[in-house]
Amino acid sequence: MRIREAGPAAWYLDLADAPSPETALAIGALQRALLATAPATVRDVVPGYLNVLVEFRPGTGRGRLERWLAAATPQAEAAAQPARHTVPVRYGEGADVSELQARLGLPWERIVALHAAARYTVAFLGFTPGFPYLLGLPPELATPRRDTPVRRVPAGSVAIAGDQAGIYPGASPGGWWLLGRTDQRLFDADDWPPTAWAAGDEVAFVPEPGPDPEPTAGPAPAPPGPRPLPLGDPSADPALEVLEAWPASASIQAAPRWRVGHYGMAQAGALDPLAAELANRAAGNAADAPALELLTLPLRLRALRPLRAALAGGGHRATLAGRPLRLPAVFDWPRSAELELAPGGRGAASYLALAGGIAAQRVAGSASTDARSGLGGGRRAIAGGDLLGLGRAPSGTAAAAGAHARLRPHYPQRLELHVHPGPQFHPELFARLTGTRFRVAAADRTGVRLDGPSLPQPEADVLSEGSPWGAVQVPADGRPIVLLADRGRTGGYAKPAVVDVRELWRLAQAPVGTEVWLTPAR
């Protein structure tokens, strides 16, 4: 096992040079042994094709980590026993029959027979929560993925791409070719753990009666519109009504959800924990109480009862009942009064805290929303018509926002971030990254895209592996993306650098157009 550093908060443990069922079994056993014995400073352990990503709190001593690895390795070797899963498939249902016959030069019956006769091994879970990447696809079925992904692949779709097989646990966009459908649940947000599948497990597909093969299915229907937000505490009385919210712009966030990356889940959590803490402390809450995170776009809320609230961050101008508030602000919110937040601040994210916290679903130690997994917080982004309740957390005396001035940061128009060599470090590319002026082109909870000169690189694609928090990912177009809290936990793009995770809150507050310089860390 070889250790590769990826910034001040991540290591890769390399186990092999090529994917194989034996490697997957060893990686899965090591990942489970490491999590079972991990010290409190270890944040996650995520398997990939050839390695395990270990993420930890910056400042964790190297000696402590090495002693932990040395103790866990023998346990992993002794426990390397795969679980076995059998998946019934209705081959032909929603399948890309004509396209696959043309691409593979095989009749449909032969394609089905080859796929069902093979035995597969789970390499890891990634892409979406619970999605298994499966080794063992017969060479006759290998084919490149779609040039253009489809907008919505139905849940339970059994698929192939490249030399891999997989199953879509939930409806999502996707670029793989579809063979059929299964009703087996691979990921259940209402259960814990949410999946029984893990790296190294063995999988067999079994045909079951289904429809006759059909031509390629047409576009899938659009997903249903937003449902009423499930309150974290069903007995909580509604406190706020959401009058207006842009899609995917607001969510309930708290502390990150650590140690869930091996399920393919996001760590979630407030993108700017300093501003979230300021709002919570000013409202009399614990620093990590559930609060509402809003990213730049407008939001309107109406109080359904008298409230005490605090607002912090840099993304908005705010008015309460038509009167402006100066952020950070602590205020009494009368019943029926409307709070309106509009873009116009110096930053890009704002946080609203209510005394007592916002009612939220708590899963795996965190009340943060993981929208892709459909769990935690409010299970999804906030939408117009939602009702939010008050939490039951005890609150102290609300303080003036000025009492927490040390948490009131400056949001500059020119941002300098320190970067460390990443897992695909290359001296020339790293020098270009750290000698180029970029500007923020777009941002969301998954990451920030930087615009500037296209960066040539020796390798755009790598075998999929864990993606560290703050990794600078450079896709084929040569324009970097810095990965944030809701990033995909695995990926196949080169990552030549990693931003110091202690500075990511500053990037999360950088609006579109902000000048960004990446500076080598010393």
# chains A, B, ... in the order shown; residues from 1 in each chain; ligands from 1
call {"tool": "residues_around", "arguments": {"residues": "stretch 242-253 of chain A", "least_positions_apart": "6", "cutoff": "8 Å", "atoms": "only C-alpha atoms", "output": "ChimeraX atom specification"}}
result
/A:268-270,290-302,358,360,367-369,377-378,380-388
call {"tool": "residues_around", "arguments": {"residues": "stretch 79-81 of chain A", "least_positions_apart": "5", "cutoff": "9 Å", "atoms": "only C-alpha atoms", "output": "count of residues only"}}
result
9
call {"tool": "residues_around", "arguments": {"residues": "A:Ala71", "least_positions_apart": "5", "cutoff": "10 Å", "atoms": "only C-alpha atoms", "output": "list in words"}}
result
Ala33, Leu34, Thr37, Glu66 and Ala76 of chain A
call {"tool": "closest_residue", "arguments": {"among": "A:Leu13, A:Ala497, A:Leu450, A:Leu35", "to": "A:Val472", "atoms": "only C-alpha atoms"}}
result
A:Ala497
